[in-house]
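Pasting query_8.txt here (compact mmCIF, C-alpha atoms):
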```txt
# COMPACT_ATOMS: atom_id res chain seq x y z
CA MET A 1 -39.34 -82.53 189.99
CA ALA A 2 -42.95 -82.33 191.05
CA GLU A 3 -45.44 -84.20 188.90
CA GLN A 4 -48.05 -82.14 187.12
CA ASN A 5 -51.52 -82.63 188.48
CA ASN A 6 -54.24 -83.32 185.89
CA ASN A 7 -56.12 -80.31 187.18
CA ASP A 8 -53.17 -77.97 186.68
CA PRO A 9 -53.79 -75.54 183.86
CA ASN A 10 -51.91 -76.18 180.66
CA VAL A 11 -50.67 -72.81 179.42
CA PHE A 12 -49.27 -72.57 175.90
CA SER A 13 -48.57 -69.90 173.36
CA VAL A 14 -50.58 -69.62 170.17
CA ASP A 15 -49.48 -67.59 167.18
CA THR A 16 -52.55 -67.69 164.97
CA ARG A 17 -52.53 -67.22 161.23
CA PHE A 18 -54.51 -64.03 161.81
CA GLN A 19 -51.75 -62.61 163.95
CA GLN A 20 -48.98 -63.74 161.59
CA LEU A 21 -50.60 -62.31 158.47
CA ALA A 22 -52.12 -59.19 160.03
CA ARG A 23 -48.66 -58.07 161.16
CA ARG A 24 -47.18 -58.34 157.66
CA PRO A 25 -45.92 -55.13 156.18
CA GLY A 26 -47.90 -53.72 153.29
CA GLY A 27 -51.21 -53.14 155.02
CA VAL A 28 -53.36 -50.05 154.62
CA SER A 29 -52.36 -47.45 157.23
CA ARG A 30 -54.82 -46.99 160.07
CA ASP A 31 -55.97 -43.52 159.02
CA ARG A 32 -56.39 -44.49 155.38
CA ALA A 33 -58.17 -47.72 156.33
CA ILE A 34 -60.63 -45.91 158.59
CA ASP A 35 -61.23 -43.19 155.97
CA SER A 36 -61.82 -45.79 153.33
CA ALA A 37 -64.25 -47.74 155.54
CA GLN A 38 -66.10 -44.53 156.37
CA ARG A 39 -66.43 -43.73 152.67
CA GLN A 40 -67.91 -47.19 152.08
CA ILE A 41 -70.47 -46.47 154.79
CA ASP A 42 -71.21 -42.99 153.45
CA GLY A 43 -71.93 -44.57 150.09
CA MET A 44 -74.65 -46.70 151.71
CA ARG A 45 -76.52 -43.79 153.32
CA THR A 46 -79.14 -43.29 150.60
CA ASP A 47 -80.05 -46.95 150.59
CA PHE A 48 -80.09 -46.92 154.36
CA ALA A 49 -83.00 -44.45 154.48
CA ASN A 50 -85.02 -46.78 152.23
CA TRP A 51 -84.00 -49.82 154.28
CA LEU A 52 -84.98 -47.98 157.45
CA ASP A 53 -88.44 -47.27 156.04
CA ARG A 54 -88.92 -50.93 155.16
CA GLU A 55 -87.72 -52.12 158.58
CA VAL A 56 -89.96 -49.70 160.47
CA GLN A 57 -92.88 -50.85 158.29
CA GLU A 58 -92.08 -54.50 159.05
CA LEU A 59 -91.81 -53.66 162.71
CA ALA A 60 -95.22 -51.97 162.58
CA THR A 61 -96.66 -55.05 160.84
CA SER A 62 -95.31 -57.38 163.54
CA VAL A 63 -96.81 -55.09 166.15
CA GLU A 64 -100.18 -55.18 164.34
CA LEU A 65 -100.09 -58.98 164.60
CA LEU A 66 -99.40 -58.63 168.30
CA ASP A 67 -102.40 -56.35 168.56
CA LEU A 68 -104.58 -59.07 167.04
CA ASN A 69 -103.12 -61.85 169.17
CA ARG A 70 -101.33 -60.68 172.28
CA GLY A 71 -99.89 -64.10 172.98
CA ASP A 72 -98.19 -64.31 169.57
CA MET A 73 -94.63 -64.89 170.76
CA ALA A 74 -93.36 -65.38 167.20
CA ALA A 75 -94.56 -61.88 166.28
CA LEU A 76 -92.98 -60.51 169.46
CA ASP A 77 -89.68 -62.23 168.60
CA ARG A 78 -89.78 -60.86 165.04
CA ALA A 79 -90.47 -57.35 166.32
CA HIS A 80 -87.62 -57.64 168.83
CA GLN A 81 -85.23 -58.98 166.20
CA ALA A 82 -86.09 -56.14 163.80
CA CYS A 83 -85.72 -53.59 166.58
CA CYS A 84 -82.28 -54.95 167.56
CA GLY A 85 -81.24 -54.67 163.92
CA LEU A 86 -82.23 -51.00 163.85
CA ARG A 87 -80.42 -50.34 167.13
CA ASP A 88 -77.23 -52.04 165.92
CA VAL A 89 -76.81 -50.00 162.75
CA GLY A 90 -78.41 -46.59 163.38
CA THR A 91 -75.43 -44.79 164.88
CA THR A 92 -72.97 -46.39 162.47
CA MET A 93 -74.98 -44.92 159.61
CA GLY A 94 -75.17 -41.51 161.28
CA PHE A 95 -78.74 -41.93 162.62
CA GLU A 96 -78.00 -41.75 166.33
CA LEU A 97 -81.57 -41.00 167.27
CA VAL A 98 -82.73 -44.17 165.51
CA THR A 99 -80.40 -46.22 167.70
CA PHE A 100 -81.71 -44.46 170.79
CA VAL A 101 -85.38 -45.04 169.92
CA ALA A 102 -84.66 -48.66 168.91
CA ASP A 103 -82.77 -49.30 172.14
CA ASN A 104 -85.74 -47.99 174.12
CA PHE A 105 -88.20 -50.00 172.07
CA CYS A 106 -86.07 -53.13 172.61
CA GLY A 107 -86.51 -52.42 176.33
CA ILE A 108 -90.30 -52.31 175.89
CA LEU A 109 -90.35 -55.55 173.91
CA GLU A 110 -88.03 -57.27 176.39
CA ALA A 111 -90.34 -56.18 179.21
CA MET A 112 -93.26 -57.71 177.29
CA LYS A 113 -91.30 -60.93 176.89
CA ALA A 114 -90.73 -60.84 180.64
CA GLY A 115 -94.45 -60.53 181.31
CA ALA A 116 -95.33 -56.84 181.04
CA PRO A 117 -98.83 -56.39 179.61
CA TYR A 118 -99.30 -55.34 176.00
CA ASP A 119 -99.71 -51.58 175.84
CA ARG A 120 -100.59 -50.13 172.46
CA GLU A 121 -99.79 -46.57 173.48
CA LYS A 122 -96.22 -47.42 174.49
CA ILE A 123 -95.71 -49.14 171.16
CA ASP A 124 -97.32 -46.40 169.08
CA CYS A 125 -95.22 -43.66 170.62
CA HIS A 126 -92.06 -45.58 169.68
CA ILE A 127 -93.21 -46.20 166.12
CA ASP A 128 -93.99 -42.48 165.85
CA ALA A 129 -90.56 -41.69 167.29
CA PHE A 130 -88.96 -43.88 164.59
CA LEU A 131 -90.85 -41.99 161.89
CA LEU A 132 -89.66 -38.72 163.35
CA ALA A 133 -86.05 -39.87 163.84
CA ARG A 134 -85.68 -40.77 160.17
CA THR A 135 -86.75 -37.33 158.91
CA GLU A 136 -84.20 -34.81 157.69
CA PRO A 137 -84.16 -32.38 160.62
CA TYR A 138 -83.86 -35.15 163.21
CA ARG A 139 -81.69 -37.83 161.63
CA ASN A 140 -78.43 -36.11 162.53
CA MET A 141 -79.47 -35.25 166.06
CA ARG A 142 -78.31 -36.89 169.25
CA PRO A 143 -80.76 -37.85 172.03
CA ASP A 144 -79.48 -35.00 174.21
CA GLN A 145 -80.55 -32.54 171.51
CA VAL A 146 -84.19 -33.63 171.86
CA PRO A 147 -84.40 -33.89 175.67
CA GLU A 148 -88.21 -33.89 175.91
CA MET A 149 -88.54 -36.83 173.56
CA SER A 150 -85.60 -38.71 175.10
CA SER A 151 -86.74 -38.37 178.68
CA GLY A 152 -90.32 -39.22 177.69
CA LEU A 153 -89.29 -42.45 175.96
CA ARG A 154 -86.98 -43.38 178.83
CA ARG A 155 -89.86 -42.91 181.27
CA VAL A 156 -92.07 -45.20 179.15
CA VAL A 157 -89.41 -47.95 179.30
CA GLU A 158 -89.03 -47.53 183.05
CA LEU A 159 -92.78 -47.97 183.48
CA ALA A 160 -92.78 -51.07 181.26
CA SER A 161 -89.84 -52.61 183.16
CA ALA A 162 -91.51 -51.90 186.50
CA SER A 163 -94.68 -53.49 185.18
CA ALA A 164 -92.75 -56.61 184.10
CA THR A 165 -91.14 -56.85 187.55
CA ARG A 166 -94.58 -56.63 189.21
CA GLU A 167 -95.97 -59.34 186.91
CA ALA A 168 -93.01 -61.59 187.69
CA LYS A 169 -93.68 -61.42 191.46
CA MET B 170 -48.03 -48.92 170.54
CA THR B 171 -49.59 -46.10 168.53
CA ASN B 172 -51.54 -46.36 165.31
CA PRO B 173 -50.49 -49.88 164.27
CA THR B 174 -51.10 -50.92 160.68
CA ILE B 175 -52.72 -54.26 160.05
CA ASN B 176 -52.71 -56.18 156.81
CA LEU B 177 -55.98 -58.07 156.31
CA ARG B 178 -55.29 -59.19 152.75
CA ASP B 179 -55.90 -62.93 152.22
CA LEU B 180 -57.14 -63.44 155.75
CA VAL B 181 -60.40 -65.37 155.90
CA ILE B 182 -62.79 -63.35 158.06
CA LEU B 183 -66.20 -64.70 159.04
CA ILE B 184 -69.01 -62.37 160.12
CA ALA B 185 -71.87 -64.04 162.00
CA ASP B 186 -74.83 -61.77 162.69
CA PRO B 187 -78.60 -62.25 162.35
CA SER B 188 -79.03 -58.82 160.75
CA SER B 189 -78.20 -58.74 157.06
CA TYR B 190 -77.58 -55.00 157.32
CA VAL B 191 -75.06 -55.39 160.15
CA ARG B 192 -73.30 -58.01 158.05
CA MET B 193 -73.29 -55.69 155.05
CA ILE B 194 -71.90 -52.75 157.04
CA SER B 195 -69.24 -54.87 158.73
CA HIS B 196 -68.30 -56.38 155.37
CA SER B 197 -67.96 -52.89 153.88
CA MET B 198 -65.77 -51.70 156.73
CA LEU B 199 -63.49 -54.72 156.38
CA ARG B 200 -63.24 -54.14 152.63
CA GLY B 201 -62.24 -50.56 153.43
CA PHE B 202 -59.52 -51.95 155.70
CA GLY B 203 -58.16 -54.02 152.80
CA ALA B 204 -59.77 -57.39 153.53
CA ASN B 205 -60.60 -59.42 150.44
CA LYS B 206 -61.90 -62.71 151.86
CA VAL B 207 -64.95 -62.01 153.98
CA LEU B 208 -67.67 -64.59 154.56
CA GLU B 209 -71.07 -64.02 156.16
CA VAL B 210 -73.55 -66.23 158.01
CA GLY B 211 -76.83 -65.33 159.71
CA GLN B 212 -77.17 -68.06 162.29
CA THR B 213 -75.40 -70.74 164.27
CA THR B 214 -76.16 -73.62 161.90
CA GLY B 215 -74.49 -71.85 159.00
CA LEU B 216 -71.61 -70.84 161.22
CA LEU B 217 -70.90 -74.37 162.44
CA GLN B 218 -71.09 -75.68 158.87
CA THR B 219 -68.59 -73.08 157.72
CA LEU B 220 -66.26 -73.78 160.62
CA SER B 221 -66.30 -77.50 159.92
CA SER B 222 -65.57 -77.07 156.25
CA GLN B 223 -62.78 -74.50 156.20
CA LYS B 224 -60.13 -72.71 158.20
CA ILE B 225 -61.27 -69.32 159.44
CA ASP B 226 -58.68 -66.76 160.52
CA ILE B 227 -60.94 -64.61 162.68
CA LEU B 228 -64.60 -64.72 163.68
CA LEU B 229 -66.73 -61.63 164.28
CA CYS B 230 -69.77 -63.01 166.08
CA ASP B 231 -72.89 -61.32 167.42
CA ALA B 232 -73.53 -62.08 171.08
CA ARG B 233 -77.20 -62.77 170.27
CA LEU B 234 -76.67 -65.04 167.27
CA PRO B 235 -79.73 -67.31 167.11
CA PRO B 236 -80.65 -69.67 168.51
CA HIS B 237 -78.38 -69.93 171.57
CA GLY B 238 -76.25 -66.79 171.32
CA GLY B 239 -72.61 -66.05 170.64
CA LEU B 240 -71.41 -66.83 174.15
CA VAL B 241 -72.63 -70.43 174.04
CA LEU B 242 -71.20 -70.72 170.56
CA THR B 243 -67.81 -69.37 171.63
CA ARG B 244 -67.69 -71.87 174.48
CA THR B 245 -68.66 -74.68 172.10
CA ILE B 246 -65.91 -73.75 169.64
CA ARG B 247 -63.28 -73.49 172.37
CA ARG B 248 -64.22 -76.79 174.01
CA ASN B 249 -64.26 -78.88 170.84
CA ALA B 250 -60.79 -80.41 170.79
CA ASP B 251 -61.31 -81.67 167.22
CA ASN B 252 -62.10 -78.25 165.76
CA VAL B 253 -59.26 -76.81 163.69
CA ASN B 254 -60.63 -73.35 164.45
CA ARG B 255 -60.47 -73.89 168.20
CA THR B 256 -57.84 -71.21 168.80
CA MET B 257 -58.96 -68.69 166.17
CA PRO B 258 -59.49 -65.17 167.51
CA ILE B 259 -63.14 -64.48 168.34
CA LEU B 260 -64.38 -60.90 168.45
CA LEU B 261 -67.83 -60.75 170.01
CA MET B 262 -70.10 -57.90 168.92
CA SER B 263 -72.63 -56.89 171.55
CA SER B 264 -75.11 -54.10 172.18
CA ASP B 265 -75.40 -55.32 175.77
CA THR B 266 -72.28 -53.93 177.41
CA ARG B 267 -73.07 -54.45 181.07
CA GLU B 268 -70.09 -55.64 183.05
CA THR B 269 -71.68 -59.04 183.74
CA THR B 270 -72.11 -59.63 180.01
CA ILE B 271 -68.55 -58.60 179.18
CA LYS B 272 -67.17 -60.90 181.86
CA SER B 273 -69.35 -63.75 180.61
CA ALA B 274 -67.94 -63.21 177.11
CA ARG B 275 -64.40 -63.26 178.47
CA ASP B 276 -65.12 -66.42 180.46
CA ALA B 277 -66.60 -68.10 177.39
CA GLY B 278 -63.24 -67.63 175.63
CA ALA B 279 -63.77 -64.52 173.50
CA ASN B 280 -60.62 -62.56 172.68
CA MET B 281 -62.39 -59.20 172.77
CA VAL B 282 -65.83 -57.59 172.84
CA ILE B 283 -66.79 -54.69 170.60
CA ALA B 284 -69.78 -52.53 171.44
CA LYS B 285 -72.54 -52.15 168.87
CA PRO B 286 -73.24 -49.97 166.97
CA MET B 287 -69.67 -50.19 165.69
CA SER B 288 -67.63 -47.49 164.03
CA PRO B 289 -64.77 -48.09 161.57
CA LYS B 290 -62.33 -46.78 164.17
CA SER B 291 -63.54 -49.06 166.96
CA LEU B 292 -63.47 -52.11 164.68
CA TYR B 293 -60.01 -51.36 163.28
CA ASP B 294 -58.52 -50.78 166.72
CA ARG B 295 -59.98 -54.00 168.14
CA LEU B 296 -58.60 -56.01 165.20
CA ALA B 297 -55.20 -54.36 165.64
CA TRP B 298 -55.26 -55.10 169.34
CA ILE B 299 -55.87 -58.78 168.67
CA ALA B 300 -53.16 -58.86 165.99
CA PHE B 301 -50.45 -57.24 168.07
CA ASN B 302 -51.24 -58.52 171.56
CA SER B 303 -50.46 -62.21 171.69
CA ARG B 304 -52.01 -64.00 174.61
CA ASN B 305 -51.25 -67.46 175.86
CA PHE B 306 -54.00 -70.02 175.77
CA VAL B 307 -55.11 -71.79 178.91
CA ASP B 308 -56.50 -75.31 178.97
CA THR B 309 -58.19 -76.43 182.18
CA PRO B 310 -61.06 -78.84 182.88
CA THR B 311 -63.44 -75.87 183.03
CA TYR B 312 -61.95 -73.37 180.60
CA PHE B 313 -60.22 -73.31 177.24
CA GLY B 314 -59.33 -69.98 175.74
CA PRO B 315 -57.09 -66.91 175.90
CA ASP B 316 -55.45 -66.25 179.24
CA ARG B 317 -57.91 -64.35 181.42
CA ARG B 318 -55.41 -62.95 183.90
CA PHE B 319 -55.84 -59.24 183.49
CA LYS B 320 -54.53 -55.97 184.66
CA ILE B 321 -57.79 -54.35 185.75
CA GLU B 322 -57.52 -50.63 185.27
CA GLY B 323 -60.39 -49.99 187.65
CA TYR B 324 -64.09 -50.58 187.35
CA PRO B 325 -66.64 -47.82 187.07
CA GLY B 326 -68.28 -47.33 190.43
CA GLY B 327 -65.12 -47.77 192.46
CA VAL B 328 -64.82 -51.55 192.74
CA GLY B 329 -61.44 -52.39 194.24
CA ARG B 330 -58.69 -54.13 192.28
CA ARG B 331 -56.48 -55.41 195.09
CA LYS B 332 -57.10 -57.91 197.86
CA GLY B 333 -56.69 -55.20 200.46
CA ASP B 334 -58.96 -52.68 198.75
CA LYS B 335 -62.21 -51.74 200.38
CA VAL B 336 -64.94 -54.16 199.38
CA VAL B 337 -67.72 -52.65 197.32
CA GLU B 338 -71.05 -54.34 196.66
CA VAL B 339 -71.51 -55.17 193.02
CA GLY B 340 -75.03 -55.57 191.62
CA GLN B 341 -76.08 -59.01 190.40
CA GLU B 342 -77.54 -58.87 186.91
CA VAL B 343 -78.19 -55.22 186.32
CA GLY B 344 -75.72 -52.44 185.83
CA PRO B 345 -74.80 -49.60 183.59
CA ALA B 346 -73.51 -50.23 180.12
CA LEU B 347 -69.73 -49.99 179.88
CA ALA B 348 -68.00 -47.69 177.46
CA GLN B 349 -65.69 -49.32 174.94
CA ASP B 350 -62.62 -48.23 176.95
CA ASP B 351 -63.97 -50.00 180.02
CA ILE B 352 -64.69 -53.10 177.95
CA ASP B 353 -61.14 -53.03 176.62
CA SER B 354 -59.69 -52.76 180.11
CA LEU B 355 -61.39 -56.04 181.01
CA PHE B 356 -59.53 -57.66 178.12
CA SER B 357 -56.11 -56.02 178.57
CA ALA B 358 -53.74 -58.81 179.44
CA THR B 359 -51.03 -58.04 181.94
CA ARG B 360 -47.75 -57.46 180.20
CA THR B 361 -45.59 -56.44 183.11
CA GLY B 362 -45.38 -57.21 186.79
```
Starting from the coordinates I provided, produce the structure as structure tokens.
Amino acid sequence: MAEQNNNDPNVFSVDTRFQQLARRPGGVSRDRAIDSAQRQIDGMRTDFANWLDREVQELATSVELLDLNRGDMAALDRAHQACCGLRDVGTTMGFELVTFVADNFCGILEAMKAGAPYDREKIDCHIDAFLLARTEPYRNMRPDQVPEMSSGLRRVVELASASATREAK
Amino acid sequence: MTNPTINLRDLVILIADPSSYVRMISHSMLRGFGANKVLEVGQTTGLLQTLSSQKIDILLCDARLPPHGGLVLTRTIRRNADNVNRTMPILLMSSDTRETTIKSARDAGANMVIAKPMSPKSLYDRLAWIAFNSRNFVDTPTYFGPDRRFKIEGYPGGVGRRKGDKVVEVGQEVGPALAQDDIDSLFSATRTG
């Protein structure tokens, strides 16, 4: 029999406690579980609008600090973190446009981290887009239902990314 | 397998995400699924403390968890031979779904990646997939984690899957975001052949 080399992979089976217990009978059926989870989320919608207002306000405050000191990396990080948070929950809560705007704004802030110059207009148009996206007529819309706004914001991110690439060279 | 039912009662589930709202939403979804033991942490320090003090049955971890990110953390957990949670399932949550990122997550030892923002359906199905699709673990000098030998269903953009397929240039760090189905196909272990 050939000896096993120390570099040979050791392959073994693992039956984790998660797998053992998750397969037990008696769980909530998939459809009921998903319905129930969706109801939990629906119950959070009212609070979400308030939370969204607070987050956008905090984002605006971080951006104001950046306006005062353009090298304030801590403020840039805070703004980016807040923006990622908005992006990660918007669609789940039914605010697809919020996720779209936040995703774009994350692109702007990432470009700034990568060296793109501070541009107040690019930031302001995203903050304004957030304020619009949270309002009643827009909150249930998808980006493709507001093509002018979507393509405009995308173009702004493209310009910021190109600017960052130029600065990096 | 169609519409499997999972039983999350008494399983200890740990959510690690810097956003308190993401944690709250994920927690609510899991409660809706029937989970009753859900823990939350907001950063790596808290996560490592929790992992060293108790057995966790599954970890839902954000790919950007401060300060070093979920990929580094996953690799750290997998490579620590003394960690009782070394083989626990790890579900990475990521808003960055480029192919390079998904492959990095797989190579770090994640069981599965779920795209953010999550829906109850996408979360339930990923948990069920982990529960019902056992994968061997592989221990090598450079990798410890679930078996990464996959049946690739085909990449977007026409990248070949066989040695004899026509070679297609793949971009380095940039690329389109993958849909959840494409992400799943990168994690679908070969069952036959």
Contact set, chain B to chain A: 9 Å, all atoms listed in the file, as a PyMOL selection string: chain B and resi 172-181+187-191+194+197-203+225-227+256-258+263-264+285-290+293-294+296-297+299-310+316
Nearest candidate to Arg54 in chain A (options A:His126, A:Arg134, A:Pro143, A:Met112; using only C-alpha atoms):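 So, comparing all the options, the nearest one is A:Arg134.
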Neighbour residues at most 9 Å from (-90.0, -43.3, 168.5) (only C-alpha atoms) as a list of chain:residue names: A:Leu97, A:Val98, A:Phe100, A:Val101, A:Ala102, A:Asn104, A:Phe105, A:Ile123, A:Asp124, A:Cys125, A:His126, A:Ile127, A:Asp128, A:Ala129, A:Phe130, A:Leu131, A:Leu132, A:Ala133, A:Met149, A:Leu153
Give me the residues near range 235-237 of chain B as a short mmCIF file (atom, residue, chain, number, x, y, z; two decimals) with C-alpha atoms, in the frame of the given file, where near means some atom within 12 Å (using only C-alpha atoms) and where sequence neighbours in that chain fewer than 6 positions away do not count.
```cif
data_model
loop_
_atom_site.label_atom_id
_atom_site.label_comp_id
_atom_site.auth_asym_id
_atom_site.auth_seq_id
_atom_site.Cartn_x
_atom_site.Cartn_y
_atom_site.Cartn_z
CA ASP A 77 -89.68 -62.23 168.60
CA GLN A 81 -85.23 -58.98 166.20
CA ALA B 185 -71.87 -64.04 162.00
CA ASP B 186 -74.83 -61.77 162.69
CA PRO B 187 -78.60 -62.25 162.35
CA SER B 188 -79.03 -58.82 160.75
CA VAL B 210 -73.55 -66.23 158.01
CA GLY B 211 -76.83 -65.33 159.71
CA GLN B 212 -77.17 -68.06 162.29
CA THR B 213 -75.40 -70.74 164.27
CA THR B 214 -76.16 -73.62 161.90
CA GLY B 215 -74.49 -71.85 159.00
CA LEU B 216 -71.61 -70.84 161.22
CA THR B 243 -67.81 -69.37 171.63
CA ARG B 244 -67.69 -71.87 174.48
CA THR B 245 -68.66 -74.68 172.10
#
```
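One finds CA of Leu347 in chain B at 26.9 Å from CA of Gly115 in chain A.
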Distance in Å - CA of Ile259 in chain B versus CA of Cys83 in chain A: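 Separating CA of Ile259 in chain B from CA of Cys83 in chain A is a distance of 25.1 Å.
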One-decimal distance in Å that lies between CA of Leu217 in chain B and CA of Arg267 in chain B: 27.4 Å
Within 7 Å of range 158-160 of chain A using only C-alpha atoms, minus same-chain residues under 6 positions, as an NGL selection string: :A and (108 or 111 or 116)
Counting all atoms listed in the file, the residue of A:Arg139, A:Gly152, A:Glu110, A:Tyr118 that sits nearest Leu68 in chain A: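 The shortest atom-to-atom distance to Leu68 in chain A comes from A:Tyr118.
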